[in-house]
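In what follows, a single structure is set out as structure tokens and then discussed.
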Amino acid sequence: MRRRGAGEPKLIRIVHPDGLPTPLRYWSMLAIAIGIAMSVLDAAVANIALPAIAAEFRASPAESIWVVNAYQLAVVMALLPLASLGERIGYRRVYLWGLAIFTLGSVACALSQNMPTLIAARVGQGVGAAGVFAVNGALVRFTYPGALLGRGVGLNAFVVSVASAVGPSVAAAILAVGPWQWLFAINAPFGVANVVIGYRALPHSDRGGRPFDLVSALLNALAFGLFFVGADAVTHGEGTMTLALAEVVAAFLALAALVRRESKLDAPLIPVDLMRIPIFALSVATSICSFTAQSLALVAMPFYFELELGRSQVETGLLMTPWPVAVGISAPIAGRLSDRVPAAILGFIGLAGLAIGMVLLARLPLDARFVDIAWPMALCGAGFGFFQAPNNRTLLSSAPRQRAGAAGGILATARVTGLAAGATLVALFFRVAPTRAEPIALMVGAGFAVVAALASLTKLAKR
């Protein structure tokens, strides 16, 4: 509890030692869920609107794709710096400011009159979304008591899964009745309402006294930004190969300088200290591998269904649905189980199911029926959900409470890194083996899942 000085308005800030009491816990989780759902949805709906945006602004495909890339780059470059900032000024403050910036960025997107303005607004949206993603895990940990943390993590995974699943459908429904600007304008009322809910319900946390490390934040932005821009250029053949490779090399040099600088600090921006905890490091590695496997499948499968199996766009949409639906069902169940059953066992079972499902999908015959495709897709989703929630619980709980922000930041970074790596690999396979890219992507994804499953088992020894 902390009070302001004499003569100032009375303000009481209560830090609950082990989660919020009910019903405040439910209101806090509602605020967390709305924020993460808005951020995930906005990453998906822009893809659907790209043709309409490009047509209105008379932009080329290469220029219009930056409506998506600008958002993703801003998120990945700002995640760890904002997680570090949360440890210094409080997680709820970073979350609320991030939500406010995201909402203002949404309004700016809706009011944009040209492509450069829209791309700039998307950068603002991405920075705001990074504030939401960066402290999301820390807020869940401070919202739920330790004995129920798996339940909160599972619910969080359920929200992410549902938002990912319904994103294209929501975008299509909005575009059916209004212009693309509505996709962004609809965020405004939800954002304002959620700021109010979050201000009243989100948990307070202890604040560190260290100043924010601006040099490390800039090195982090350079490392992640240059790497993803360079890797995307390499796989898509955009620009000169020499420049793209130079960007990748510069990214690794910036990362090396950052790690060297951070290794000397007590609470580094890049959580080098947390990576020395074996079970934390294993959880991060398995998370990256699992999200890479999922991204390989979800990016490749639409091409597989339409180009190889001859399915229509409507049929492809239906065939993609079992995966996120199964994640949404299995993640809360696995989250509850993880409060009693070792996460290593749950994770191994889930990742084994994911690997088996991806192998089955890679070996589908050309005359496969709907049910022959749907049940392996559901197996993949159920396996991923069964792994994700317990692994996230282990990752968050294995870090010291005062480093919850860094743990949440690295959790979000592992997710974004895995998704980007999977998409980049699919693009590479289409360049080097265009006639077999989809089955190759699925088999490589199964390999990532097997590696993650074996890594998950080693957690039993590390416990």
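Residue names in the structure tokens use chain letters A, B, ... in the order shown, residue numbers from 1 in each chain, and ligand numbers from 1 in the order shown.
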At most 10 Å is the cut-off: for each residue in segment 406-445 of chain A with any atom that close to an atom of segment 121-138 of chain A, write down the nearest atom pair and the distance in Å rounded to one decimal, counting only C-alpha atoms, chain first then increasing number, as JSON lines.
```
{"residue": "A:Ala406", "atom": "CA", "partner": "A:Ala138", "partner_atom": "CA", "distance": 8.3}
{"residue": "A:Ala407", "atom": "CA", "partner": "A:Ala138", "partner_atom": "CA", "distance": 7.4}
{"residue": "A:Gly408", "atom": "CA", "partner": "A:Gly137", "partner_atom": "CA", "distance": 4.4}
{"residue": "A:Gly409", "atom": "CA", "partner": "A:Ala134", "partner_atom": "CA", "distance": 4.5}
{"residue": "A:Ile410", "atom": "CA", "partner": "A:Ala134", "partner_atom": "CA", "distance": 8.1}
{"residue": "A:Leu411", "atom": "CA", "partner": "A:Gly137", "partner_atom": "CA", "distance": 7.6}
{"residue": "A:Ala412", "atom": "CA", "partner": "A:Phe133", "partner_atom": "CA", "distance": 6.2}
{"residue": "A:Thr413", "atom": "CA", "partner": "A:Ala134", "partner_atom": "CA", "distance": 8.3}
```
When you look at segment 311-322 of chain A with a cut-off of 10 Å (counting only C-alpha atoms), what residues show up, excluding the ones that are within fewer than 5 positions of it in the same chain? I need them as a compact mmCIF listing (two decimals) with C-alpha atoms, in the first residue's frame.
```txt
# COMPACT_ATOMS: atom_id res chain seq x y z
CA ALA A 165 -10.48 -18.23 -35.62
CA VAL A 166 -13.22 -15.63 -36.03
CA PRO A 168 -11.51 -13.54 -41.10
CA SER A 169 -15.24 -14.11 -40.58
CA LEU A 298 -1.72 -22.71 -41.05
CA MET A 301 -2.80 -25.47 -45.63
CA PRO A 302 -4.96 -22.97 -47.58
CA PHE A 303 -2.66 -23.40 -50.61
CA TYR A 304 -2.73 -27.16 -50.09
CA PHE A 305 -6.51 -27.34 -49.97
CA GLU A 306 -7.09 -25.08 -52.98
CA VAL A 327 -7.44 -25.15 -29.50
CA GLY A 328 -10.24 -23.16 -27.89
CA PHE A 370 -14.24 -33.56 -45.53
CA VAL A 371 -14.13 -35.81 -42.45
CA ILE A 373 -9.33 -33.68 -43.39
CA ALA A 374 -11.32 -32.33 -40.45
CA TRP A 375 -10.28 -34.83 -37.82
CA PRO A 376 -6.49 -34.49 -38.34
CA MET A 377 -6.96 -30.70 -38.28
CA ALA A 378 -8.84 -31.04 -34.99
CA LEU A 379 -6.12 -33.37 -33.65
CA CYS A 380 -3.48 -30.74 -34.46
CA GLY A 381 -5.50 -28.01 -32.74
CA ALA A 382 -6.26 -30.11 -29.67
```
Practice task
To one decimal in Å, tell me the separation between atom CA of Thr22 of chain A and atom CA of Ala399 of chain A.
Solution key: 25.0 Å
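Proximity ranking of A:Ala78, A:Leu366, A:Val140, A:Leu104 relative to Gly310 of chain A places A:Leu366 first, based on only C-alpha atoms.
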Practice task
Taking the DSSP assignment computed from this structure's backbone, write out as a VMD selection string all residues of segment 43-274 of chain A that belong to alpha helix (DSSP H).
Solution key: chain A and resid 43 to 57 61 to 64 66 to 89 91 to 111 115 to 143 149 to 177 181 to 185 187 to 201 214 to 236 241 to 262 272 to 274
Handout entry: Residue nearest Tyr95 of chain A among A:Ala452, A:Val195, A:Met77, A:Ala221 (counting only C-alpha atoms)
Key =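 Among the listed residues, the smallest separation from Tyr95 of chain A belongs to A:Val195.
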Exercise for the section: Compare A:Ser112, A:Gln402, A:Asn392, A:Thr242 by their minimum atom-to-atom distance to Ser205 of chain A, counting only C-alpha atoms, and give me the closest one. Expected result: A:Gln402
Practice task
Have a look at A:Gly191, A:Gly230, A:Gly405, A:Pro434 and name the one nearest to Leu243 of chain A; count only C-alpha atoms.
Solution key: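 Smallest separation from Leu243 of chain A among the options: A:Gly230.
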Exercise for the section: May I ask which of the residues A:Leu364, A:Leu222, A:Ala389, A:Leu425 is the closest one to Ser295 of chain A, counting only C-alpha atoms? Expected result: A:Leu425
Practice task
Within 12 Å of Val153 of chain A, counting only C-alpha atoms, which residues show up once you throw out same-chain ones fewer than 5 positions away? Write them as a ChimeraX atom specification, please.
Solution key: /A:29,32-33,136-148,158-160,331-339,385-397,408,411
Write the residues of the preceding selection, restricted to C-alpha atoms, as a PDB file, in the first residue's frame.
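See again-v6.pdb below for the written result:
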```
ATOM      1  CA  MET A  29      -9.628 -10.991 -16.684  1.00  0.00           C
ATOM      2  CA  ILE A  32      -7.214  -8.567 -20.288  1.00  0.00           C
ATOM      3  CA  ALA A  33      -9.360 -10.692 -22.606  1.00  0.00           C
ATOM      4  CA  ASN A 136      -0.447  -9.643 -20.818  1.00  0.00           C
ATOM      5  CA  GLY A 137       1.205 -12.635 -19.138  1.00  0.00           C
ATOM      6  CA  ALA A 138       2.341 -10.591 -16.135  1.00  0.00           C
ATOM      7  CA  LEU A 139      -1.183  -9.249 -15.565  1.00  0.00           C
ATOM      8  CA  VAL A 140      -2.619 -12.779 -15.707  1.00  0.00           C
ATOM      9  CA  ARG A 141      -0.083 -13.865 -13.095  1.00  0.00           C
ATOM     10  CA  PHE A 142      -0.988 -10.962 -10.803  1.00  0.00           C
ATOM     11  CA  THR A 143      -4.711 -11.533 -11.381  1.00  0.00           C
ATOM     12  CA  TYR A 144      -4.849 -15.241 -10.447  1.00  0.00           C
ATOM     13  CA  PRO A 145      -3.454 -16.884  -7.301  1.00  0.00           C
ATOM     14  CA  GLY A 146      -0.640 -19.340  -7.906  1.00  0.00           C
ATOM     15  CA  ALA A 147      -2.863 -22.358  -7.289  1.00  0.00           C
ATOM     16  CA  LEU A 148      -5.220 -21.243 -10.092  1.00  0.00           C
ATOM     17  CA  PHE A 158      -8.830 -19.700 -25.340  1.00  0.00           C
ATOM     18  CA  VAL A 159      -9.402 -15.996 -26.083  1.00  0.00           C
ATOM     19  CA  VAL A 160      -6.412 -15.832 -28.431  1.00  0.00           C
ATOM     20  CA  ALA A 331      -6.569 -25.009 -23.885  1.00  0.00           C
ATOM     21  CA  PRO A 332      -8.876 -24.235 -20.895  1.00  0.00           C
ATOM     22  CA  ILE A 333      -9.022 -27.960 -20.023  1.00  0.00           C
ATOM     23  CA  ALA A 334      -5.238 -28.278 -20.183  1.00  0.00           C
ATOM     24  CA  GLY A 335      -4.871 -25.063 -18.168  1.00  0.00           C
ATOM     25  CA  ARG A 336      -6.960 -26.481 -15.340  1.00  0.00           C
ATOM     26  CA  LEU A 337      -5.102 -29.807 -15.458  1.00  0.00           C
ATOM     27  CA  SER A 338      -1.735 -28.013 -15.305  1.00  0.00           C
ATOM     28  CA  ASP A 339      -2.549 -26.889 -11.756  1.00  0.00           C
ATOM     29  CA  GLY A 385      -3.924 -26.289 -27.101  1.00  0.00           C
ATOM     30  CA  PHE A 386      -2.983 -29.119 -24.743  1.00  0.00           C
ATOM     31  CA  PHE A 387       0.639 -27.996 -24.922  1.00  0.00           C
ATOM     32  CA  GLN A 388       0.270 -24.222 -25.010  1.00  0.00           C
ATOM     33  CA  ALA A 389      -1.554 -23.501 -21.746  1.00  0.00           C
ATOM     34  CA  PRO A 390       0.602 -25.746 -19.472  1.00  0.00           C
ATOM     35  CA  ASN A 391       3.811 -24.525 -21.105  1.00  0.00           C
ATOM     36  CA  ASN A 392       2.807 -20.881 -20.679  1.00  0.00           C
ATOM     37  CA  ARG A 393       1.952 -21.557 -17.024  1.00  0.00           C
ATOM     38  CA  THR A 394       5.380 -23.120 -16.450  1.00  0.00           C
ATOM     39  CA  LEU A 395       7.148 -20.264 -18.195  1.00  0.00           C
ATOM     40  CA  LEU A 396       5.369 -17.565 -16.191  1.00  0.00           C
ATOM     41  CA  SER A 397       5.591 -19.307 -12.811  1.00  0.00           C
ATOM     42  CA  GLY A 408       5.484 -12.198 -20.202  1.00  0.00           C
ATOM     43  CA  LEU A 411       6.470 -15.356 -23.937  1.00  0.00           C
TER      44      LEU A 411
END
```
Problem - Between atom CA of Leu80 of chain A and atom CA of Thr417 of chain A, distance in Å (one decimal) - result: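 Distance between the two atoms: 12.4 Å.
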